[in-house]
$ cat model_11.cif   # mmCIF, C-alpha atoms (C1' of nucleotides)
data_work
#
loop_
_atom_site.label_atom_id
_atom_site.label_comp_id
_atom_site.auth_asym_id
_atom_site.auth_seq_id
_atom_site.Cartn_x
_atom_site.Cartn_y
_atom_site.Cartn_z
CA MET X 1054 0.00 0.00 0.00
CA LYS X 1055 1.00 3.56 -0.68
CA THR X 1056 2.57 5.29 2.27
CA ASN X 1057 1.59 8.73 3.59
CA ARG X 1058 3.73 11.67 2.62
CA SER X 1059 3.53 12.99 6.19
CA HIS X 1060 1.19 13.08 9.16
CA CYS X 1061 0.52 16.76 8.89
CA PRO X 1062 -3.25 17.01 9.35
CA LEU X 1063 -3.55 19.24 6.30
CA ASN X 1064 -1.65 16.71 4.23
CA TYR X 1065 -3.88 13.91 5.51
CA ALA X 1066 -6.90 15.83 4.28
CA LEU X 1067 -5.27 16.58 0.93
CA GLU X 1068 -4.29 12.98 0.37
CA ILE X 1069 -7.96 12.02 0.63
CA PHE X 1070 -9.81 14.86 -1.06
CA GLY X 1071 -7.08 16.98 -2.61
CA ASP X 1072 -8.29 16.89 -6.20
CA LYS X 1073 -10.76 18.70 -8.40
CA TRP X 1074 -13.67 16.27 -8.13
CA THR X 1075 -14.08 14.65 -4.74
CA LEU X 1076 -15.65 17.56 -2.89
CA LEU X 1077 -18.02 18.21 -5.78
CA ILE X 1078 -19.49 14.76 -5.22
CA ILE X 1079 -19.99 15.57 -1.57
CA ARG X 1080 -21.49 18.92 -2.55
CA ASP X 1081 -24.05 17.12 -4.72
CA ILE X 1082 -24.96 14.86 -1.84
CA VAL X 1083 -25.34 17.78 0.57
CA VAL X 1084 -26.86 20.45 -1.62
CA SER X 1085 -28.75 18.49 -4.25
CA LYS X 1086 -29.53 15.48 -2.09
CA LYS X 1087 -28.12 13.16 -4.70
CA LYS X 1088 -27.48 9.57 -3.68
CA THR X 1089 -26.87 7.45 -6.78
CA PHE X 1090 -24.15 6.99 -9.36
CA GLY X 1091 -26.46 8.14 -12.11
CA GLU X 1092 -27.33 11.33 -10.28
CA PHE X 1093 -23.69 12.14 -9.55
CA SER X 1094 -22.78 11.63 -13.17
CA LYS X 1095 -25.13 14.46 -14.14
CA SER X 1096 -23.26 17.20 -12.26
CA PRO X 1097 -22.89 20.57 -14.02
CA GLU X 1098 -19.13 20.05 -14.17
CA ASN X 1099 -19.58 16.81 -16.10
CA ILE X 1100 -17.52 14.27 -14.25
CA ALA X 1101 -16.51 11.25 -16.33
CA THR X 1102 -17.95 7.96 -15.13
CA ASN X 1103 -14.58 6.29 -14.64
CA ILE X 1104 -13.38 9.15 -12.44
CA LEU X 1105 -16.65 9.10 -10.55
CA ALA X 1106 -16.38 5.37 -9.90
CA ASN X 1107 -12.81 5.83 -8.73
CA ARG X 1108 -13.67 8.68 -6.35
CA LEU X 1109 -16.67 6.89 -4.86
CA GLN X 1110 -14.42 3.95 -4.15
CA ILE X 1111 -11.80 6.13 -2.49
CA LEU X 1112 -14.44 7.88 -0.41
CA GLU X 1113 -15.90 4.60 0.70
CA LYS X 1114 -12.49 3.15 1.51
CA ASN X 1115 -11.71 6.20 3.62
CA GLY X 1116 -14.94 5.99 5.57
CA ILE X 1117 -16.51 9.14 4.18
CA LEU X 1118 -19.31 7.48 2.26
CA SER X 1119 -21.21 4.30 2.92
CA LYS X 1120 -22.84 2.38 0.11
CA GLN X 1121 -25.97 0.30 0.36
CA VAL X 1122 -28.47 -1.30 -1.92
CA SER X 1123 -31.66 0.69 -2.30
CA PRO X 1124 -34.50 -0.95 -0.40
CA GLU X 1125 -36.79 -0.13 -3.30
CA ASN X 1126 -34.68 -1.26 -6.22
CA ASN X 1127 -31.94 -3.83 -6.11
CA LYS X 1128 -30.04 -2.41 -9.00
CA VAL X 1129 -29.66 1.00 -7.42
CA TYR X 1130 -26.96 1.75 -4.85
CA LEU X 1131 -27.37 4.61 -2.40
CA TYR X 1132 -24.37 6.55 -1.17
CA TYR X 1133 -24.67 8.16 2.24
CA LEU X 1134 -22.33 10.38 4.20
CA THR X 1135 -20.78 8.95 7.32
CA PRO X 1136 -20.08 11.14 10.37
CA LYS X 1137 -16.56 11.58 9.00
CA GLY X 1138 -18.08 12.78 5.77
CA LEU X 1139 -20.50 15.11 7.50
CA ASP X 1140 -17.52 16.62 9.30
CA LEU X 1141 -16.31 17.93 5.95
CA LEU X 1142 -19.08 20.50 5.94
CA PRO X 1143 -17.17 23.19 7.87
CA THR X 1144 -14.25 22.97 5.45
CA MET X 1145 -16.56 23.08 2.48
CA LEU X 1146 -18.47 26.08 3.81
CA GLU X 1147 -15.23 27.99 4.26
CA MET X 1148 -14.32 27.17 0.69
CA VAL X 1149 -17.73 28.42 -0.44
CA VAL X 1150 -17.23 31.68 1.46
CA TRP X 1151 -13.81 32.11 -0.12
CA GLY X 1152 -14.96 31.23 -3.61
CA ALA X 1153 -17.95 33.52 -3.40
CA LYS X 1154 -15.76 36.36 -2.17
CA TYR X 1155 -13.21 36.15 -4.94
CA ASP X 1156 -15.07 34.87 -7.99
CA SER X 1157 -16.57 37.95 -9.53
CA GLU X 1158 -19.03 35.79 -11.42
CA THR X 1159 -19.94 33.53 -8.53
CA ALA X 1160 -23.25 31.71 -8.58
CA ALA X 1161 -23.50 31.92 -4.78
CA SER X 1162 -26.21 34.22 -3.46
CA ALA X 1163 -25.32 36.96 -1.04
CA ALA X 1164 -28.07 35.63 1.21
CA LEU X 1165 -26.37 32.23 1.53
CA ILE X 1166 -23.02 33.77 2.34
CA GLU X 1167 -24.62 35.98 4.93
CA ARG X 1168 -26.36 33.04 6.51
CA ILE X 1169 -23.09 31.17 6.70
CA HIS X 1170 -21.53 34.11 8.50
CA ASN X 1171 -24.43 34.76 10.84
CA ASP X 1172 -25.43 31.25 11.76
CA ARG X 1173 -22.90 28.74 10.63
CA SER X 1174 -23.99 25.92 12.89
CA GLY X 1175 -27.61 26.48 11.87
CA VAL X 1176 -26.63 26.14 8.23
CA ILE X 1177 -24.67 23.01 8.97
CA ARG X 1178 -27.58 21.57 10.92
CA GLU X 1179 -29.95 22.18 8.05
CA LEU X 1180 -27.62 20.82 5.44
CA SER X 1181 -27.01 17.71 7.49
CA ALA X 1182 -30.63 16.55 7.38
CA ASN X 1183 -31.15 13.16 5.76
CA LEU X 1184 -27.58 12.68 4.63
CA THR X 1185 -26.81 9.65 6.74
CA PRO X 1186 -28.34 6.19 6.27
CA PRO X 1187 -31.96 5.84 7.41
CA GLN X 1188 -33.04 3.65 10.30
CA ALA X 1189 -29.77 4.06 12.22
CA MET M 953 -7.76 30.19 -22.21
CA LYS M 954 -9.33 27.34 -20.30
CA THR M 955 -12.93 27.94 -19.35
CA ASN M 956 -14.42 27.40 -15.90
CA ARG M 957 -16.37 24.22 -15.32
CA SER M 958 -19.01 26.16 -13.39
CA HIS M 959 -19.37 29.18 -11.15
CA CYS M 960 -20.17 27.18 -8.09
CA PRO M 961 -18.02 28.82 -5.40
CA LEU M 962 -16.74 25.45 -4.27
CA ASN M 963 -15.73 24.63 -7.81
CA TYR M 964 -13.98 27.98 -8.16
CA ALA M 965 -11.90 27.15 -5.11
CA LEU M 966 -11.15 23.65 -6.35
CA GLU M 967 -10.05 24.87 -9.75
CA ILE M 968 -7.41 27.00 -8.07
CA PHE M 969 -6.17 24.89 -5.19
CA GLY M 970 -7.81 21.51 -5.69
CA ASP M 971 -4.68 19.38 -5.82
CA LYS M 972 -2.32 17.70 -3.42
CA TRP M 973 0.40 20.37 -3.31
CA THR M 974 -0.88 23.93 -3.46
CA LEU M 975 -2.13 24.25 0.10
CA LEU M 976 1.05 22.67 1.43
CA ILE M 977 3.00 25.58 -0.03
CA ILE M 978 0.67 28.00 1.72
CA ARG M 979 1.04 25.97 4.90
CA ASP M 980 4.82 26.37 4.72
CA ILE M 981 4.45 30.10 4.30
CA VAL M 982 2.06 30.37 7.22
CA VAL M 983 3.45 27.85 9.67
CA SER M 984 7.14 27.72 8.83
CA LYS M 985 7.43 31.30 7.60
CA LYS M 986 9.05 30.14 4.40
CA LYS M 987 9.35 32.65 1.59
CA THR M 988 11.74 31.32 -1.05
CA PHE M 989 11.74 28.66 -3.73
CA GLY M 990 14.60 26.86 -2.03
CA GLU M 991 12.77 26.75 1.29
CA PHE M 992 9.57 25.45 -0.27
CA SER M 993 11.47 22.72 -2.06
CA LYS M 994 12.56 21.33 1.31
CA SER M 995 9.07 20.45 2.56
CA PRO M 996 8.66 17.15 4.41
CA GLU M 997 6.43 15.90 1.58
CA ASN M 998 9.22 16.46 -0.96
CA ILE M 999 7.62 18.43 -3.71
CA ALA M 1000 9.41 18.22 -7.06
CA THR M 1001 10.89 21.48 -8.29
CA ASN M 1002 8.94 21.50 -11.55
CA ILE M 1003 5.65 21.06 -9.70
CA LEU M 1004 6.66 23.73 -7.23
CA ALA M 1005 7.49 26.20 -10.00
CA ASN M 1006 4.17 25.43 -11.68
CA ARG M 1007 2.16 25.92 -8.49
CA LEU M 1008 3.89 29.15 -7.54
CA GLN M 1009 3.07 30.48 -10.98
CA ILE M 1010 -0.60 29.48 -10.68
CA LEU M 1011 -0.83 31.02 -7.22
CA GLU M 1012 0.70 34.25 -8.46
CA LYS M 1013 -1.53 34.36 -11.51
CA ASN M 1014 -4.57 33.91 -9.27
CA GLY M 1015 -3.57 36.68 -6.91
CA ILE M 1016 -2.83 34.48 -3.93
CA LEU M 1017 0.90 35.08 -3.79
CA SER M 1018 2.97 38.07 -4.76
CA LYS M 1019 6.59 37.69 -5.78
CA GLN M 1020 9.31 40.23 -5.25
CA VAL M 1021 13.07 40.41 -5.35
CA SER M 1022 14.67 40.21 -1.96
CA PRO M 1023 16.00 43.63 -0.92
CA GLU M 1024 19.05 41.89 0.50
CA ASN M 1025 19.93 39.57 -2.35
CA ASN M 1026 19.02 40.05 -5.97
CA LYS M 1027 19.03 36.38 -6.80
CA VAL M 1028 16.45 35.52 -4.16
CA TYR M 1029 12.74 35.98 -4.75
CA LEU M 1030 10.36 36.34 -1.82
CA TYR M 1031 6.83 35.01 -2.03
CA TYR M 1032 4.23 36.73 0.13
CA LEU M 1033 0.56 36.04 0.72
CA THR M 1034 -1.93 38.55 -0.62
CA PRO M 1035 -5.18 39.28 1.25
CA LYS M 1036 -6.83 36.68 -0.98
CA GLY M 1037 -4.19 34.20 0.11
CA LEU M 1038 -4.59 35.12 3.78
CA ASP M 1039 -8.28 34.44 3.41
CA LEU M 1040 -7.47 30.79 2.81
CA LEU M 1041 -6.61 30.39 6.48
CA PRO M 1042 -10.15 29.59 7.67
CA THR M 1043 -10.46 26.81 5.11
CA MET M 1044 -7.06 25.45 5.99
CA LEU M 1045 -7.78 25.49 9.71
CA GLU M 1046 -10.96 23.50 9.15
CA MET M 1047 -8.98 20.99 7.16
CA VAL M 1048 -6.46 20.78 10.00
CA VAL M 1049 -9.24 20.16 12.50
CA TRP M 1050 -10.70 17.44 10.29
CA GLY M 1051 -7.37 15.80 9.57
CA ALA M 1052 -6.37 15.82 13.22
CA LYS M 1053 -9.70 14.29 14.19
CA TYR M 1054 -9.56 11.40 11.76
CA ASP M 1055 -5.89 10.60 11.30
CA SER M 1056 -5.07 8.31 14.19
CA GLU M 1057 -1.38 9.07 13.73
CA THR M 1058 -1.76 12.80 13.31
CA ALA M 1059 1.17 15.05 14.07
CA ALA M 1060 -1.18 17.81 15.24
CA SER M 1061 -1.07 18.54 18.97
CA ALA M 1062 -4.27 18.44 20.97
CA ALA M 1063 -3.35 21.89 22.24
CA LEU M 1064 -3.40 23.37 18.76
CA ILE M 1065 -6.74 21.84 17.94
CA GLU M 1066 -8.17 23.12 21.17
CA ARG M 1067 -6.89 26.60 20.48
CA ILE M 1068 -8.49 26.53 17.06
CA HIS M 1069 -11.80 25.61 18.64
CA ASN M 1070 -11.61 28.07 21.50
CA ASP M 1071 -10.17 31.10 19.76
CA ARG M 1072 -10.18 30.70 16.02
CA SER M 1073 -9.82 34.35 15.19
CA GLY M 1074 -6.97 34.68 17.66
CA VAL M 1075 -5.17 31.82 15.97
CA ILE M 1076 -5.75 33.37 12.56
CA ARG M 1077 -4.50 36.71 13.80
CA GLU M 1078 -1.31 35.17 15.13
CA LEU M 1079 -0.69 33.11 12.04
CA SER M 1080 -1.21 36.14 9.85
CA ALA M 1081 1.70 38.08 11.27
CA ASN M 1082 4.40 38.98 8.74
CA LEU M 1083 2.92 37.07 5.85
CA THR M 1084 2.21 40.03 3.62
CA PRO M 1085 4.87 42.21 1.95
CA PRO M 1086 6.70 44.62 4.28
CA GLN M 1087 6.42 48.38 4.05
CA ALA M 1088 2.89 48.37 2.63
"C1'" DG F 457 -40.15 -16.57 -19.80
"C1'" DC F 458 -38.41 -13.26 -23.11
"C1'" DT F 459 -37.22 -8.68 -24.63
"C1'" DC F 460 -35.92 -4.27 -23.72
"C1'" DA F 461 -34.56 -0.40 -20.86
"C1'" DT F 462 -32.05 1.12 -16.90
"C1'" DT F 463 -28.39 1.30 -13.62
"C1'" DA F 464 -23.74 0.92 -12.24
"C1'" DC F 465 -20.06 0.51 -13.52
"C1'" DT F 466 -15.55 -1.12 -16.74
"C1'" DT F 467 -12.49 -0.84 -20.66
"C1'" DG F 468 -9.54 1.15 -24.30
"C1'" DC F 469 -7.01 4.71 -25.75
"C1'" DA F 470 -5.28 9.50 -26.47
"C1'" DT F 471 -3.94 13.49 -23.77
"C1'" DT F 472 -2.34 15.71 -19.69
"C1'" DT F 473 -0.16 15.80 -15.33
"C1'" DT F 474 3.17 14.04 -12.15
"C1'" DG F 475 7.54 12.60 -10.48
"C1'" DC F 476 12.36 12.06 -10.71
"C1'" DA F 477 16.92 13.38 -12.29
"C1'" DA F 478 19.76 16.32 -14.52
"C1'" DG F 479 20.80 20.71 -16.66
"C1'" DT F 480 21.09 25.91 -17.13
"C1'" DA F 481 21.16 31.05 -16.36
"C1'" DA F 482 21.86 34.72 -13.29
"C1'" DT F 483 23.72 36.49 -9.27
"C1'" DG F 484 26.97 36.66 -5.20
"C1'" DA F 485 31.00 35.42 -2.61
"C1'" DT F 486 36.13 34.75 -2.57
"C1'" DA O 475 38.11 35.05 -12.64
"C1'" DT O 476 36.25 31.06 -10.37
"C1'" DC O 477 33.09 28.74 -7.76
"C1'" DA O 478 28.80 28.23 -5.14
"C1'" DT O 479 24.07 29.34 -4.72
"C1'" DT O 480 19.45 30.29 -6.16
"C1'" DA O 481 15.61 29.70 -9.09
"C1'" DC O 482 14.12 27.64 -12.04
"C1'" DT O 483 13.80 24.50 -16.87
"C1'" DT O 484 14.08 20.28 -19.49
"C1'" DG O 485 13.63 15.35 -20.73
"C1'" DC O 486 11.45 11.37 -20.08
"C1'" DA O 487 8.91 7.52 -17.88
"C1'" DA O 488 4.84 6.60 -15.15
"C1'" DA O 489 0.42 7.70 -13.54
"C1'" DA O 490 -3.95 10.16 -13.77
"C1'" DT O 491 -7.53 12.21 -16.60
"C1'" DG O 492 -11.02 12.58 -20.15
"C1'" DC O 493 -13.84 10.78 -23.66
"C1'" DA O 494 -16.41 7.20 -25.93
"C1'" DA O 495 -17.97 2.82 -26.05
"C1'" DG O 496 -18.94 -1.60 -23.94
"C1'" DT O 497 -20.78 -4.95 -20.36
"C1'" DA O 498 -23.27 -7.24 -16.44
"C1'" DA O 499 -27.13 -7.30 -13.48
"C1'" DT O 500 -31.56 -6.11 -12.45
"C1'" DG O 501 -36.44 -4.62 -13.39
"C1'" DA O 502 -40.48 -3.62 -16.22
"C1'" DG O 503 -43.66 -4.88 -19.82
"C1'" DC O 504 -45.72 -8.35 -22.55
#

$ encode --input "model_11.cif" --output "structure tokens"
Amino acid sequence: MKTNRSHCPLNYALEIFGDKWTLLIIRDIVVSKKKTFGEFSKSPENIATNILANRLQILEKNGILSKQVSPENNKVYLYYLTPKGLDLLPTMLEMVVWGAKYDSETAASAALIERIHNDRSGVIRELSANLTPPQA
Amino acid sequence: MKTNRSHCPLNYALEIFGDKWTLLIIRDIVVSKKKTFGEFSKSPENIATNILANRLQILEKNGILSKQVSPENNKVYLYYLTPKGLDLLPTMLEMVVWGAKYDSETAASAALIERIHNDRSGVIRELSANLTPPQA
DNA sequence: GCTCATTACTTGCATTTTGCAAGTAATGAT
DNA sequence: ATCATTACTTGCAAAATGCAAGTAATGAGC
């Protein structure tokens, strides 16, 4: 197995989600309530299916997503965030704040950014609803 | 020029620093007070010099670092954080918190993590000292 | 039970990025 | 004038990415 470059906590994070796609998958889960491979593959940034499959596997292996068969349809797999995955929300919100501040053409609404500033934990609480497996 | 994949603020951030090296350079500036190419190239993660040169260029082009000749030695260039670069600190601290929480072998001290939780803006203020160009 | 559509991937291949080692140009020190 | 230092650049193999097409397993309809 590949060895870690260091045990710097920042490096640990980067080794898991330091790429251009991984956090977008998590975004789609959190913001768009997506749960299936097919839904993820329809992101606005157009992730290729082989990359998507690879990232889902990495996320599962690292305990950020859990995968289970849909109770309604055996050919559908549902991806849920684990607590470790949910704990990425603070990082992601900070990235959103930064991106919204410096991208002059940002799609983020001023209202969202303000809410993040004024009531971060409220935002996180709301976003966290229904992201973990049911019937826990 | 390459077009943006979307104007999602998260995607904007990822397009700039979504890779395994960029934030480590910023970390070295912030934590280890490094400023020169030679210092960056001696990181514990061993970044290759061609990658380093590429990332410094991207960071400069995106207004995160500013480069200037050292007043003491004309062959040395000093890299400083801009305000946009300084604004990456909240994101990076959240990543540190996450990495320290989930890497069982983390090098982060419990004291640091506690300080981040108890007095985030104090930590940011301290870390920010002397990171921008002198004599502004 | 058979056919067809859907879902979740996998595969092949060209292009791009990474990683490693070595090389070069411009100072600065002696 | 020579040598060391600093900041890169270059060449090349290996790995990751991106795109298009293919496949296996279910489910729905007849």

$ closest_atom_pairs --input "model_11.cif" --of "chain F" --to "chain M" --cutoff "8 Å" --atoms "only C-alpha atoms (C1' of nucleotides)" --output "Markdown table"
| residue | atom | partner | partner_atom | distance |
| --- | --- | --- | --- | --- |
| F:DT474 | C1' | M:Ile1003 | CA | 7.8 |
| F:DG475 | C1' | M:Ala1000 | CA | 6.8 |
| F:DC476 | C1' | M:Ala1000 | CA | 7.7 |
| F:DA482 | C1' | M:Lys1027 | CA | 7.3 |
| F:DT483 | C1' | M:Lys1027 | CA | 5.3 |

$ closest_residue --input "model_11.cif" --among "M:Glu1078, M:Phe969, M:Glu997, M:Ala1059" --to "Thr1056 (chain X)" --atoms "only C-alpha atoms"
M:Glu997

$ interface_residues --input "model_11.cif" --of "chain O" --to "chain X" --cutoff "9 Å" --atoms "all atoms listed in the file" --output "PyMOL selection string"
chain O and resi 491-493+499-501

$ resolve_selection --input "model_11.cif" --expression "the PyMOL selection byres ((chain M) within 6 of (chain X))" --output "JSON, numbers by chain"
{"M": [957, 959, 960, 961, 962, 964, 965, 966, 970, 971, 972, 997, 1043, 1046, 1047, 1048, 1051, 1052, 1058, 1059]}

$ write_last_selection --input "model_11.cif" --atoms "C-alpha atoms" --output "PDB file, in the coordinates of the input"
ATOM      1  CA  ARG M 957     -16.370  24.220 -15.320  1.00  0.00           C
ATOM      2  CA  HIS M 959     -19.370  29.180 -11.150  1.00  0.00           C
ATOM      3  CA  CYS M 960     -20.170  27.180  -8.090  1.00  0.00           C
ATOM      4  CA  PRO M 961     -18.020  28.820  -5.400  1.00  0.00           C
ATOM      5  CA  LEU M 962     -16.740  25.450  -4.270  1.00  0.00           C
ATOM      6  CA  TYR M 964     -13.980  27.980  -8.160  1.00  0.00           C
ATOM      7  CA  ALA M 965     -11.900  27.150  -5.110  1.00  0.00           C
ATOM      8  CA  LEU M 966     -11.150  23.650  -6.350  1.00  0.00           C
ATOM      9  CA  GLY M 970      -7.810  21.510  -5.690  1.00  0.00           C
ATOM     10  CA  ASP M 971      -4.680  19.380  -5.820  1.00  0.00           C
ATOM     11  CA  LYS M 972      -2.320  17.700  -3.420  1.00  0.00           C
ATOM     12  CA  GLU M 997       6.430  15.900   1.580  1.00  0.00           C
ATOM     13  CA  THR M1043     -10.460  26.810   5.110  1.00  0.00           C
ATOM     14  CA  GLU M1046     -10.960  23.500   9.150  1.00  0.00           C
ATOM     15  CA  MET M1047      -8.980  20.990   7.160  1.00  0.00           C
ATOM     16  CA  VAL M1048      -6.460  20.780  10.000  1.00  0.00           C
ATOM     17  CA  GLY M1051      -7.370  15.800   9.570  1.00  0.00           C
ATOM     18  CA  ALA M1052      -6.370  15.820  13.220  1.00  0.00           C
ATOM     19  CA  THR M1058      -1.760  12.800  13.310  1.00  0.00           C
ATOM     20  CA  ALA M1059       1.170  15.050  14.070  1.00  0.00           C
TER      21      ALA M1059
END

$ resolve_selection --input "model_11.cif" --expression "the PyMOL selection byres ((chain F and resi 461) around 12)" --output "list in words"
DT459, DC460, DT462 and DT463 of chain F; DT500, DG501, DA502 and DG503 of chain O

$ resolve_selection --input "model_11.cif" --expression "the PyMOL selection byres ((chain F and resi 478) around 9)" --output "list in words"
DA477 and DG479 of chain F; DT484 and DG485 of chain O

$ residues_around --input "model_11.cif" --residues "Ile1016 (chain M)" --least-positions-apart "4" --cutoff "9 Å" --atoms "all atoms listed in the file" --output "PyMOL selection string"
chain M and resi 1010-1012+1032-1038+1040

$ residues_around --input "model_11.cif" --residues "DA498 (chain O)" --least-positions-apart "6" --cutoff "10 Å" --atoms "only C-alpha atoms (C1' of nucleotides)" --output "list of chain:residue names"
F:DA464, F:DC465, F:DT466

$ atom_distance --input "model_11.cif" --atom1 "CA of Lys986 (chain M)" --atom2 "CA of Asn1070 (chain M)"
26.9 Å

$ residues_around --input "model_11.cif" --residues "DA495 (chain O)" --least-positions-apart "5" --cutoff "12 Å" --atoms "only C-alpha atoms (C1' of nucleotides)" --output "PDB file with C-alpha atoms (C1' of nucleotides), in the coordinates of the input"
ATOM      1  C1'  DT F 466     -15.550  -1.120 -16.740  1.00  0.00           C
ATOM      2  C1'  DT F 467     -12.490  -0.840 -20.660  1.00  0.00           C
ATOM      3  C1'  DG F 468      -9.540   1.150 -24.300  1.00  0.00           C
ATOM      4  C1'  DC F 469      -7.010   4.710 -25.750  1.00  0.00           C
TER       5       DC F 469
END

$ atom_distance --input "model_11.cif" --atom1 "CA of Glu1024 (chain M)" --atom2 "CA of Thr988 (chain M)"
12.9 Å

$ atom_distance --input "model_11.cif" --atom1 "C1' of DA485 (chain F)" --atom2 "C1' of DA475 (chain O)"
12.3 Å

$ residues_near_point --input "model_11.cif" --point "(10.8, 24.4, -13.7)" --cutoff "6 Å" --atoms "only C-alpha atoms (C1' of nucleotides)" --output "compact mmCIF listing (two decimals) with C-alpha atoms (C1' of nucleotides), keeping the file's coordinate frame"
# COMPACT_ATOMS: atom_id res chain seq x y z
CA ASN M 1002 8.94 21.50 -11.55
CA ALA M 1005 7.49 26.20 -10.00
C1' DC O 482 14.12 27.64 -12.04
C1' DT O 483 13.80 24.50 -16.87

$ residues_around --input "model_11.cif" --residues "Phe992 (chain M)" --least-positions-apart "6" --cutoff "8 Å" --atoms "only C-alpha atoms (C1' of nucleotides)" --output "list in words"
Ile977, Asp980, Lys986 and Leu1004 of chain M

$ build_atoms --input "model_11.cif" --residues "region 1063-1075 of chain X" --atoms "N, CA and C atoms" --output "short mmCIF file (atom, residue, chain, number, x, y, z; two decimals), in the frame of the given file"
data_model
loop_
_atom_site.label_atom_id
_atom_site.label_comp_id
_atom_site.auth_asym_id
_atom_site.auth_seq_id
_atom_site.Cartn_x
_atom_site.Cartn_y
_atom_site.Cartn_z
N LEU X 1063 -3.14 18.66 7.59
CA LEU X 1063 -3.55 19.24 6.30
C LEU X 1063 -3.21 18.27 5.18
N ASN X 1064 -2.05 17.68 5.26
CA ASN X 1064 -1.65 16.71 4.23
C ASN X 1064 -2.56 15.49 4.24
N TYR X 1065 -2.95 15.05 5.42
CA TYR X 1065 -3.88 13.91 5.51
C TYR X 1065 -5.16 14.22 4.75
N ALA X 1066 -5.68 15.42 4.97
CA ALA X 1066 -6.90 15.83 4.28
C ALA X 1066 -6.65 15.87 2.76
N LEU X 1067 -5.56 16.46 2.36
CA LEU X 1067 -5.27 16.58 0.93
C LEU X 1067 -5.08 15.23 0.26
N GLU X 1068 -4.50 14.29 0.98
CA GLU X 1068 -4.29 12.98 0.37
C GLU X 1068 -5.63 12.29 0.08
N ILE X 1069 -6.65 12.64 0.85
CA ILE X 1069 -7.96 12.02 0.63
C ILE X 1069 -8.81 12.81 -0.36
N PHE X 1070 -8.91 14.11 -0.16
CA PHE X 1070 -9.81 14.86 -1.06
C PHE X 1070 -9.11 16.01 -1.77
N GLY X 1071 -7.81 15.94 -1.89
CA GLY X 1071 -7.08 16.98 -2.61
C GLY X 1071 -7.09 16.75 -4.11
N ASP X 1072 -8.19 17.00 -4.75
CA ASP X 1072 -8.29 16.89 -6.20
C ASP X 1072 -9.49 17.73 -6.63
N LYS X 1073 -9.73 17.78 -7.91
CA LYS X 1073 -10.76 18.70 -8.40
C LYS X 1073 -12.17 18.13 -8.38
N TRP X 1074 -12.35 16.89 -8.00
CA TRP X 1074 -13.67 16.27 -8.13
C TRP X 1074 -14.32 15.83 -6.82
N THR X 1075 -13.52 15.31 -5.92
CA THR X 1075 -14.08 14.65 -4.74
C THR X 1075 -15.09 15.51 -3.97
#
